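Here is protein.csv, consisting of CSV, C-alpha atoms and all ligand atoms:
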chain,number,residue,atom,x,y,z
R,1,MET,CA,0.0,0.0,0.0
R,2,LEU,CA,1.3,3.5,-0.8
R,3,VAL,CA,1.7,5.9,2.0
R,4,ARG,CA,1.7,9.6,1.5
R,5,PRO,CA,4.9,11.4,2.6
R,6,LYS,CA,4.8,13.5,5.7
R,7,VAL,CA,5.7,17.2,5.8
R,8,VAL,CA,6.2,18.9,9.2
R,9,SER,CA,5.8,22.6,9.2
R,10,GLN,CA,6.8,24.8,12.2
R,11,PHE,CA,4.8,27.7,10.7
R,12,LYS,CA,1.2,28.1,9.8
R,13,LEU,CA,1.5,28.4,6.0
R,14,HIS,CA,-0.5,30.4,3.6
R,15,GLN,CA,-3.4,28.5,2.1
R,16,ASP,CA,-1.9,28.7,-1.4
R,17,ALA,CA,1.2,26.8,-0.1
R,18,MET,CA,-0.9,24.3,1.9
R,19,LYS,CA,-2.8,23.5,-1.3
R,20,ILE,CA,0.3,22.6,-3.2
R,21,LEU,CA,1.7,20.5,-0.3
R,22,GLU,CA,-1.5,18.7,0.4
R,23,GLU,CA,-1.8,17.4,-3.1
R,24,VAL,CA,1.2,15.1,-2.5
R,25,ALA,CA,1.7,14.9,1.3
R,26,GLU,CA,0.2,14.8,4.8
R,27,VAL,CA,1.1,18.2,6.3
R,28,VAL,CA,1.4,18.5,10.1
R,29,VAL,CA,1.6,22.1,11.3
R,30,VAL,CA,3.2,22.4,14.7
R,31,PRO,CA,3.9,26.0,15.4
R,32,SER,CA,4.6,25.8,19.1
R,33,LEU,CA,6.0,22.4,19.8
R,34,SER,CA,8.7,21.8,22.4
R,35,HIS,CA,11.9,20.3,21.0
R,36,GLU,CA,10.9,16.8,22.3
R,37,ASP,CA,7.5,17.0,20.6
R,38,LEU,CA,9.0,18.3,17.4
R,39,MET,CA,11.4,15.4,17.4
R,40,ALA,CA,8.6,12.9,17.9
R,41,GLU,CA,7.0,14.3,14.7
R,42,MET,CA,10.3,14.2,12.9
R,43,SER,CA,10.8,10.5,13.5
R,44,ASP,CA,8.7,9.6,10.4
R,45,ALA,CA,8.8,12.9,8.5
R,46,ASP,CA,10.0,13.3,4.9
R,47,ALA,CA,10.3,17.1,4.9
R,48,LEU,CA,10.7,20.0,7.4
R,49,ILE,CA,9.5,23.5,6.8
R,50,GLY,CA,10.8,25.6,9.6
R,51,ALA,CA,13.4,27.4,11.5
R,52,ALA,CA,14.6,24.7,14.0
R,53,LYS,CA,18.2,24.1,14.8
R,54,VAL,CA,19.0,21.2,12.5
R,55,ASP,CA,22.2,19.6,13.7
R,56,LYS,CA,23.5,16.1,13.7
R,57,ALA,CA,21.4,15.1,16.7
R,58,PHE,CA,18.3,16.4,14.9
R,59,LEU,CA,19.1,14.5,11.8
R,60,ASN,CA,19.7,11.3,13.8
R,61,GLY,CA,16.1,11.6,15.0
R,62,ALA,CA,14.8,12.2,11.5
R,63,PRO,CA,15.9,9.2,9.5
R,64,ARG,CA,13.5,9.7,6.6
R,65,LEU,CA,14.2,13.4,6.1
R,66,LYS,CA,14.8,14.4,2.5
R,67,ILE,CA,14.6,18.2,2.6
R,68,VAL,CA,15.0,20.9,5.2
R,69,ALA,CA,13.2,23.9,3.8
R,70,SER,CA,14.3,26.8,5.9
R,71,PHE,CA,11.5,29.3,6.4
R,72,GLY,CA,13.6,32.4,5.8
R,73,VAL,CA,16.8,33.6,4.3
R,74,GLY,CA,19.2,33.2,7.3
R,75,TYR,CA,19.9,29.5,7.6
R,76,GLN,CA,23.6,29.6,8.4
R,77,ASP,CA,23.1,29.7,12.2
R,78,ARG,CA,20.3,27.1,12.2
R,79,VAL,CA,21.1,24.4,9.7
R,80,ASP,CA,24.2,22.2,9.6
R,81,VAL,CA,24.4,22.2,5.8
R,82,GLU,CA,27.4,20.0,5.7
R,83,ALA,CA,25.8,17.3,7.8
R,84,CYS,CA,22.6,17.5,5.6
R,85,THR,CA,24.7,17.3,2.4
R,86,GLU,CA,26.5,14.2,3.7
R,87,ARG,CA,23.2,12.5,4.3
R,88,GLY,CA,21.8,13.5,0.9
R,89,ILE,CA,19.3,15.9,2.4
R,90,PHE,CA,18.5,19.1,0.5
R,91,VAL,CA,18.6,22.4,2.3
R,92,THR,CA,16.6,25.2,0.7
R,93,TYR,CA,15.8,28.8,1.8
R,94,THR,CA,13.7,31.7,0.6
R,95,PRO,CA,16.0,34.4,-0.9
R,96,ASN,CA,14.3,37.4,-2.4
R,97,ALA,CA,11.0,36.6,-0.7
R,98,LEU,CA,11.5,39.0,2.2
R,99,SER,CA,14.2,41.5,1.3
R,100,GLY,CA,11.9,44.4,0.7
R,101,THR,CA,9.8,43.4,3.7
R,102,VAL,CA,12.8,43.4,6.1
R,103,ALA,CA,14.0,46.7,4.6
R,104,GLU,CA,10.6,48.3,5.3
R,105,LEU,CA,10.8,47.4,9.0
R,106,THR,CA,14.4,48.6,9.1
R,107,MET,CA,13.2,52.0,7.9
R,108,GLY,CA,10.4,51.7,10.5
R,109,LEU,CA,12.9,51.3,13.3
R,110,ILE,CA,15.0,54.1,12.0
R,111,LEU,CA,12.0,56.4,12.0
R,112,CYS,CA,10.8,55.2,15.4
R,113,LEU,CA,14.2,56.0,16.8
R,114,ALA,CA,14.7,59.4,15.1
R,115,ARG,CA,11.2,60.6,16.1
R,116,ALA,CA,10.7,58.6,19.3
R,117,ILE,CA,7.4,57.3,18.0
R,118,PRO,CA,6.9,54.6,20.7
R,119,VAL,CA,7.7,57.2,23.4
R,120,ALA,CA,5.3,59.7,21.8
R,121,ASP,CA,2.6,57.1,21.5
R,122,ALA,CA,2.9,56.2,25.3
R,123,TYR,CA,2.9,59.9,26.1
R,124,VAL,CA,-0.4,60.5,24.3
R,125,ARG,CA,-2.0,57.5,26.1
R,126,ARG,CA,-0.7,58.2,29.6
R,127,ARG,CA,0.2,61.9,30.0
R,128,TRP,CA,-0.7,64.3,27.3
R,129,TRP,CA,-4.0,65.5,28.8
R,130,ARG,CA,-2.4,66.4,32.1
R,131,SER,CA,0.8,68.1,31.1
R,132,LYS,CA,0.8,71.8,30.7
R,133,ALA,CA,4.1,72.3,29.1
R,134,LYS,CA,5.2,70.1,26.3
R,135,SER,CA,7.8,67.9,27.7
R,136,LEU,CA,8.6,65.7,24.7
R,137,PRO,CA,12.1,66.0,23.4
R,138,LEU,CA,12.6,67.0,19.8
R,139,GLY,CA,13.3,64.3,17.3
R,140,LEU,CA,15.8,64.3,14.4
R,141,ASP,CA,15.5,64.5,10.7
R,142,ILE,CA,16.9,61.5,8.9
R,143,GLU,CA,17.3,63.5,5.7
R,144,GLY,CA,21.0,64.4,5.3
R,145,LYS,CA,22.1,61.8,7.9
R,146,THR,CA,24.6,59.1,7.2
R,147,LEU,CA,23.3,55.5,7.2
R,148,GLY,CA,25.9,52.8,7.6
R,149,ILE,CA,24.9,49.4,6.2
R,150,LEU,CA,26.9,46.4,7.4
R,151,GLY,CA,26.3,43.9,4.6
R,152,LEU,CA,25.1,45.1,1.3
R,153,GLY,CA,23.5,41.9,0.0
R,154,ARG,CA,19.8,41.5,-1.1
R,155,ILE,CA,18.3,43.0,2.1
R,156,GLY,CA,21.0,45.7,2.6
R,157,TYR,CA,20.5,46.8,-1.0
R,158,GLU,CA,16.7,47.2,-0.5
R,159,VAL,CA,17.4,49.2,2.7
R,160,ALA,CA,19.7,51.5,0.7
R,161,LYS,CA,17.1,52.1,-2.0
R,162,ARG,CA,14.5,53.2,0.6
R,163,ALA,CA,17.0,55.3,2.7
R,164,LYS,CA,18.1,57.1,-0.5
R,165,ALA,CA,14.5,58.1,-1.1
R,166,PHE,CA,14.5,59.6,2.4
R,167,GLY,CA,17.6,61.7,1.4
R,168,MET,CA,20.1,59.8,3.5
R,169,ARG,CA,23.8,59.5,2.6
R,170,ILE,CA,24.6,55.8,2.4
R,171,LEU,CA,27.9,54.1,3.2
R,172,TYR,CA,28.4,50.3,3.4
R,173,TYR,CA,30.9,47.7,4.4
R,174,ASP,CA,30.9,44.1,3.2
R,175,ILE,CA,33.5,41.5,2.4
R,176,VAL,CA,32.5,41.7,-1.2
R,177,ARG,CA,32.1,45.1,-3.0
R,178,ASN,CA,28.6,45.7,-4.4
R,179,SER,CA,29.6,47.2,-7.7
R,180,LYS,CA,25.9,47.5,-8.8
R,181,ALA,CA,25.1,49.7,-5.8
R,182,GLU,CA,28.2,51.7,-6.3
R,183,GLU,CA,27.7,52.2,-10.0
R,184,GLU,CA,24.1,53.3,-9.4
R,185,GLY,CA,25.4,55.9,-6.9
R,186,LEU,CA,23.3,54.2,-4.2
R,187,ALA,CA,26.0,53.5,-1.7
R,188,SER,CA,29.7,54.2,-1.2
R,189,TYR,CA,32.2,51.7,0.2
R,190,ALA,CA,33.8,52.4,3.6
R,191,SER,CA,36.1,50.3,5.8
R,192,PHE,CA,34.4,48.7,8.8
R,193,GLU,CA,36.0,51.2,11.1
R,194,GLU,CA,35.1,54.2,8.9
R,195,LEU,CA,31.6,52.9,8.8
R,196,LEU,CA,31.3,52.7,12.6
R,197,LYS,CA,32.8,56.2,13.0
R,198,ALA,CA,30.7,58.0,10.3
R,199,SER,CA,27.3,56.5,10.8
R,200,ASP,CA,24.4,58.4,12.4
R,201,PHE,CA,22.3,55.2,11.9
R,202,PHE,CA,24.1,51.9,11.6
R,203,THR,CA,22.1,48.9,10.4
R,204,ILE,CA,23.2,45.2,10.3
R,205,HIS,CA,22.3,42.9,7.4
R,206,VAL,CA,24.9,40.1,7.5
R,207,PRO,CA,24.3,36.4,8.4
R,208,LEU,CA,25.4,35.0,11.7
R,209,ILE,CA,28.4,32.9,10.9
R,210,PRO,CA,31.6,32.4,13.0
R,211,GLU,CA,33.2,35.5,11.4
R,212,THR,CA,30.3,37.8,12.3
R,213,ARG,CA,29.5,36.5,15.8
R,214,LYS,CA,29.9,39.4,18.2
R,215,MET,CA,31.2,41.5,15.4
R,216,ILE,CA,29.8,44.5,17.2
R,217,GLY,CA,31.3,44.5,20.7
R,218,GLU,CA,32.7,47.0,23.1
R,219,ARG,CA,35.5,48.2,20.8
R,220,GLU,CA,33.1,48.8,17.9
R,221,LEU,CA,30.4,50.5,20.1
R,222,ARG,CA,33.0,52.9,21.5
R,223,LEU,CA,34.0,53.8,17.9
R,224,MET,CA,30.5,54.9,17.1
R,225,LYS,CA,29.2,58.5,17.5
R,226,ARG,CA,27.6,59.2,20.9
R,227,SER,CA,24.6,60.4,18.8
R,228,ALA,CA,24.4,57.2,16.7
R,229,TYR,CA,21.6,54.6,16.6
R,230,LEU,CA,22.2,50.9,16.0
R,231,ILE,CA,19.7,48.8,14.3
R,232,ASN,CA,19.8,45.0,14.2
R,233,MET,CA,17.4,43.1,11.9
R,234,ALA,CA,19.8,40.2,11.3
R,235,ARG,CA,20.7,38.0,14.2
R,236,GLY,CA,21.2,38.8,17.9
R,237,GLY,CA,24.5,37.0,18.1
R,238,ILE,CA,26.2,39.5,15.8
R,239,ILE,CA,26.1,42.0,18.6
R,240,ASP,CA,27.7,41.4,22.0
R,241,GLU,CA,24.4,42.1,23.9
R,242,GLU,CA,26.1,42.7,27.2
R,243,ALA,CA,28.4,45.3,25.7
R,244,LEU,CA,25.4,46.9,24.0
R,245,CYS,CA,23.5,47.2,27.2
R,246,LYS,CA,26.5,48.9,28.8
R,247,ALA,CA,26.8,51.2,25.8
R,248,LEU,CA,23.1,52.1,26.0
R,249,ALA,CA,23.2,52.6,29.8
R,250,GLU,CA,26.3,54.7,29.7
R,251,GLY,CA,25.5,56.7,26.6
R,252,TRP,CA,28.3,55.5,24.3
R,253,ILE,CA,25.6,55.5,21.6
R,254,ALA,CA,22.2,57.2,21.6
R,255,GLY,CA,19.9,54.2,21.1
R,256,ALA,CA,19.1,51.0,19.4
R,257,GLY,CA,16.3,49.4,17.3
R,258,LEU,CA,16.4,45.6,17.8
R,259,ASP,CA,14.3,43.0,16.1
R,260,VAL,CA,16.6,40.1,17.0
R,261,PHE,CA,18.3,39.0,20.2
R,262,THR,CA,20.9,36.6,21.5
R,263,ILE,CA,18.1,34.6,23.2
R,264,GLU,CA,14.6,34.6,21.7
R,265,PRO,CA,12.1,35.2,23.1
R,266,LEU,CA,13.9,38.0,24.9
R,267,PRO,CA,14.0,37.0,28.6
R,268,LYS,CA,11.9,39.2,30.7
R,269,ASP,CA,14.8,40.2,33.0
R,270,SER,CA,16.8,41.5,30.0
R,271,PRO,CA,18.1,45.1,30.9
R,272,LEU,CA,16.9,46.1,27.4
R,273,ILE,CA,13.3,45.9,28.4
R,274,LYS,CA,13.6,48.8,30.8
R,275,MET,CA,15.6,51.0,28.6
R,276,LYS,CA,13.9,54.1,27.1
R,277,ASN,CA,16.4,54.6,24.3
R,278,VAL,CA,15.6,51.3,22.6
R,279,VAL,CA,12.8,50.1,20.3
R,280,LEU,CA,12.2,46.4,20.5
R,281,THR,CA,10.3,44.2,18.1
R,282,PRO,CA,9.9,40.4,18.4
R,283,HIS,CA,11.7,39.1,15.3
R,284,ILE,CA,9.1,40.2,12.9
R,285,GLY,CA,11.3,41.3,10.0
R,286,SER,CA,9.6,39.0,7.5
R,287,ALA,CA,6.2,38.9,9.2
R,288,THR,CA,3.9,40.4,6.6
R,289,VAL,CA,1.0,38.6,4.9
R,290,GLU,CA,2.7,39.0,1.5
R,291,ALA,CA,6.2,38.0,2.5
R,292,ARG,CA,5.0,35.0,4.5
R,293,ARG,CA,3.0,33.9,1.5
R,294,ARG,CA,6.0,34.2,-0.8
R,295,MET,CA,8.2,32.3,1.7
R,296,ALA,CA,5.6,29.5,2.1
R,297,LEU,CA,5.2,29.1,-1.6
R,298,MET,CA,8.9,28.9,-2.2
R,299,ASN,CA,9.3,26.3,0.6
R,300,ALA,CA,6.3,24.3,-0.6
R,301,THR,CA,7.4,24.3,-4.2
R,302,ASP,CA,10.8,22.9,-3.2
R,303,VAL,CA,9.4,20.3,-0.9
R,304,VAL,CA,7.0,19.0,-3.5
R,305,ARG,CA,9.8,18.9,-6.1
R,306,VAL,CA,12.0,16.8,-3.8
R,307,LEU,CA,9.1,14.5,-2.9
R,308,ARG,CA,8.6,14.0,-6.6
R,309,GLY,CA,12.2,13.1,-7.0
R,310,GLU,CA,13.2,16.4,-8.6
R,311,GLU,CA,15.9,18.9,-7.6
R,312,PRO,CA,14.6,21.8,-5.6
R,313,ILE,CA,15.0,25.4,-6.9
R,314,ASN,CA,16.2,27.4,-3.9
R,315,ILE,CA,19.1,25.3,-2.8
R,316,VAL,CA,21.5,27.0,-0.4
R,317,PRO,CA,24.7,28.1,-2.1
R,318,GLU,CA,27.0,25.7,-0.2
R,319,GLN,CA,25.0,22.8,-1.5
R,320,ARG,CA,24.5,24.2,-5.0
R,321,ARG,CA,28.2,24.3,-5.4
R,322,ARG,CA,28.3,20.5,-4.7
R,323,LEU,CA,25.6,19.5,-7.2
R,324,PRO,CA,25.0,17.3,-9.0
R,325,LEU,CA,25.3,14.7,-6.2
R,326,LYS,CA,24.6,11.1,-6.8
R,327,ALA,CA,22.8,10.0,-3.7
R,328,TRP,CA,20.1,12.6,-2.9
R,329,LYS,CA,17.5,10.9,-0.9
R,330,GLY,CA,14.8,12.8,-2.7
R,331,ARG,CA,15.5,11.1,-5.9
R,332,GLU,CA,13.3,8.2,-4.9
R,333,GLY,CA,10.2,10.4,-4.9
R,334,PRO,CA,7.1,9.9,-2.8
R,335,LEU,CA,5.5,7.1,-4.8
R,336,ALA,CA,8.4,4.9,-4.1
R,337,MET,CA,7.7,5.1,-0.4
R,338,SER,CA,5.6,2.1,0.3
R,339,SER,CA,4.7,0.7,3.7
R,340,ASP,CA,5.0,-3.0,4.3
P,1,LIG,C1,12.7,34.0,10.0
P,1,LIG,C2,14.5,35.4,9.4
P,1,LIG,O1,13.2,33.0,9.3
P,1,LIG,O2,14.7,35.0,7.1
P,1,LIG,C3,15.3,35.0,8.2
P,1,LIG,O3,16.5,34.8,8.3
P,1,LIG,O4,15.1,35.7,10.4
P,1,LIG,C4,13.1,35.3,9.4
P,1,LIG,O5,12.4,35.4,8.2
P,1,LIG,C5,11.3,33.8,10.3
P,1,LIG,O6,10.9,34.9,11.1
P,1,LIG,C6,11.1,32.5,11.1
P,1,LIG,O7,11.8,32.6,12.3
Full structure transcribed into structure tokens:
Amino acid sequence: MLVRPKVVSQFKLHQDAMKILEEVAEVVVVPSLSHEDLMAEMSDADALIGAAKVDKAFLNGAPRLKIVASFGVGYQDRVDVEACTERGIFVTYTPNALSGTVAELTMGLILCLARAIPVADAYVRRRWWRSKAKSLPLGLDIEGKTLGILGLGRIGYEVAKRAKAFGMRILYYDIVRNSKAEEEGLASYASFEELLKASDFFTIHVPLIPETRKMIGERELRLMKRSAYLINMARGGIIDEEALCKALAEGWIAGAGLDVFTIEPLPKDSPLIKMKNVVLTPHIGSATVEARRRMALMNATDVVRVLRGEEPINIVPEQRRRLPLKAWKGREGPLAMSSD
């Protein structure tokens, strides 16, 4: 008897993606499972759509797994691609599905910081009617200010386009020069140190890899202007959070806009929670209806291709370089999976 393959999704997926998946597979949606419960589901799963930490132990507990479809663009800190490749498991991601979406929230955080929007909102709700004199501090224009972008890849580029429309001067640092952005006059290259020193707003758009872990620490924070704002939409681990808390408390920088944290959810005793000069969002960079639909469709398409014995489209670069490989598990296709 033929059994339908099993897809485990850690995210509630858009109905268009569910439709594609359900044509060929049983889909189990498990948004809030503990690690143990997730592993129980993975024991007979053929595909994972999610953001779990996929290491060797995870793979040992998922013997039928053929594809890890990472629900997002930053997979480097979550998925052991090497271990997946050795076992013939595809790793895919969702490049381009969320670049503009993340860039929009980046601009949102920049504007929140420059104009103290959350503070102003709280003021209207709690105090405005009883204050005689206006006690709100003045905000800042962002026009004419320097935006430093760490990492001018897909997302950084979209941020630059939007910041340019606001009249900002854009500098960037990356290990690879972005000649397109330079030729378009969108952004100028600066060394890492120059970028730290020159930025009024400094925004991070690099993946979390060993080279970028704690790339912004005490030394870097001390190089920044005292009037500068730091924005992190990438991964918490890129900033030394303890050093950042010190910098914010002691005024080495003016403030921060953070969507990502070293530990997520942010623990309730984090000093960041009480700080007035920070704007905090709960890792929602890609969380719009449109982006989540695009992400779900990309993941679903890749999962279905693998279950049909085809190569997925959005393979992560480390694996694409190693293709074609002979022994991909997905080559069997779903119809070859019969129970006894
Ligand atoms: C998350 C992200 O994947 O793309 C990324 O790297 O951080 C996000 O899109 C998504 O929020 C699930 O955690």
Distance filter 8 Å around ligand LIG 1 (chain P), atoms: all atoms listed in the file, out as a PyMOL selection string: chain R and resi 11+50-51+70-75+94+98+207+233-235+283-287
Mind checking which residues fall within 9 Å of Trp252 (chain R), counting all atoms listed in the file, ignoring those fewer than 2 positions away in the same chain, and posting them as JSON, numbers by chain? {"R": [221, 222, 223, 224, 225, 226, 227, 228, 246, 247, 248, 249, 250, 254]}
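Shortest separation to Thr262 (chain R) among R:Gly167, R:Gly139, R:Gly236, R:Pro95 occurs at residue R:Gly236, atoms counted being all atoms listed in the file.
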Mind checking which residues fall within 7 Å of region 169-186 of chain R, counting all atoms listed in the file, ignoring those fewer than 2 positions away in the same chain, and posting them as a ChimeraX atom specification? /R:144-152,160-161,164,167,188-192,195
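Note that the spacing between CA of Leu323 (chain R) and CA of Ile89 (chain R) amounts to 12.0 Å.
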Name all residues at most 10 Å from Thr281 (chain R) (count only C-alpha atoms; drop same-chain ones fewer than 6 positions away) and give them as a PyMOL selection string. chain R and resi 105+109+233+257-261+266
Using the selection just defined, write its residues with C-alpha atoms as a PDB file, in the coordinates of the input.
ATOM      1  CA  LEU R 105      10.800  47.400   9.000  1.00  0.00           C
ATOM      2  CA  LEU R 109      12.900  51.300  13.300  1.00  0.00           C
ATOM      3  CA  MET R 233      17.400  43.100  11.900  1.00  0.00           C
ATOM      4  CA  GLY R 257      16.300  49.400  17.300  1.00  0.00           C
ATOM      5  CA  LEU R 258      16.400  45.600  17.800  1.00  0.00           C
ATOM      6  CA  ASP R 259      14.300  43.000  16.100  1.00  0.00           C
ATOM      7  CA  VAL R 260      16.600  40.100  17.000  1.00  0.00           C
ATOM      8  CA  PHE R 261      18.300  39.000  20.200  1.00  0.00           C
ATOM      9  CA  LEU R 266      13.900  38.000  24.900  1.00  0.00           C
TER      10      LEU R 266
END
Å distance separating CA of Val28 (chain R) from CA of Tyr93 (chain R), one decimal place: 19.6 Å
Which residues of region 152-220 of chain R have any atom within 10 Å of an atom in region 110-130 of chain R when counting only C-alpha atoms, and what is the closest pair of atoms for each, with the distance in Å to one decimal? Order the rows by chain and rising number and write it as a tab-separated table.
residue	atom	partner	partner_atom	distance
R:Ala163	CA	R:Ile110	CA	9.6
R:Phe201	CA	R:Ile110	CA	7.4
R:Phe202	CA	R:Ile110	CA	9.4
R:Thr203	CA	R:Ile110	CA	8.9
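Counting all atoms listed in the file, the residue from R:Gly255, R:Pro271, R:Pro312, R:Pro210 that sits nearest to Ala69 (chain R) is R:Pro312.
CA of Pro63 (chain R) is found 7.3 Å from CA of Asp44 (chain R).
Nearest to Cys245 (chain R) of all the residues R:Met168, R:Met107, R:Ile263, R:Ile273 is R:Ile273, based on only C-alpha atoms.
Distance check against Pro5 (chain R) using all atoms listed in the file: of R:Glu194, R:Pro324, R:Leu244, R:Val304, the minimum falls on R:Val304.
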Can you pull out the residues contacting Glu86 (chain R)? Cut-off 12 Å, using all atoms listed in the file, and skip same-chain residues under 2 positions away; I want them as a PyMOL selection string. chain R and resi 56+59+66+80-84+88-91+319+322+325-329
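Using all atoms listed in the file, the nearest neighbour of Ser43 (chain R) within the list R:Ile20, R:Val3, R:Val8, R:Ala243 is R:Val8.
With only C-alpha atoms taken into account, every residue lying no more than 10 Å from the file point (5.9, 41.0, 3.9) is included here: R:Ala97, R:Leu98, R:Ser99, R:Gly100, R:Thr101, R:Val102, R:Ala103, R:Glu104, R:Leu105, R:Ile284, R:Gly285, R:Ser286, R:Ala287, R:Thr288, R:Val289, R:Glu290, R:Ala291, R:Arg292, R:Arg293, R:Arg294, R:Met295.
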Output C-alpha atoms for every residue in that selection, as a PDB file, in the frame of the given file.
ATOM      1  CA  ALA R  97      11.000  36.600  -0.700  1.00  0.00           C
ATOM      2  CA  LEU R  98      11.500  39.000   2.200  1.00  0.00           C
ATOM      3  CA  SER R  99      14.200  41.500   1.300  1.00  0.00           C
ATOM      4  CA  GLY R 100      11.900  44.400   0.700  1.00  0.00           C
ATOM      5  CA  THR R 101       9.800  43.400   3.700  1.00  0.00           C
ATOM      6  CA  VAL R 102      12.800  43.400   6.100  1.00  0.00           C
ATOM      7  CA  ALA R 103      14.000  46.700   4.600  1.00  0.00           C
ATOM      8  CA  GLU R 104      10.600  48.300   5.300  1.00  0.00           C
ATOM      9  CA  LEU R 105      10.800  47.400   9.000  1.00  0.00           C
ATOM     10  CA  ILE R 284       9.100  40.200  12.900  1.00  0.00           C
ATOM     11  CA  GLY R 285      11.300  41.300  10.000  1.00  0.00           C
ATOM     12  CA  SER R 286       9.600  39.000   7.500  1.00  0.00           C
ATOM     13  CA  ALA R 287       6.200  38.900   9.200  1.00  0.00           C
ATOM     14  CA  THR R 288       3.900  40.400   6.600  1.00  0.00           C
ATOM     15  CA  VAL R 289       1.000  38.600   4.900  1.00  0.00           C
ATOM     16  CA  GLU R 290       2.700  39.000   1.500  1.00  0.00           C
ATOM     17  CA  ALA R 291       6.200  38.000   2.500  1.00  0.00           C
ATOM     18  CA  ARG R 292       5.000  35.000   4.500  1.00  0.00           C
ATOM     19  CA  ARG R 293       3.000  33.900   1.500  1.00  0.00           C
ATOM     20  CA  ARG R 294       6.000  34.200  -0.800  1.00  0.00           C
ATOM     21  CA  MET R 295       8.200  32.300   1.700  1.00  0.00           C
TER      22      MET R 295
END
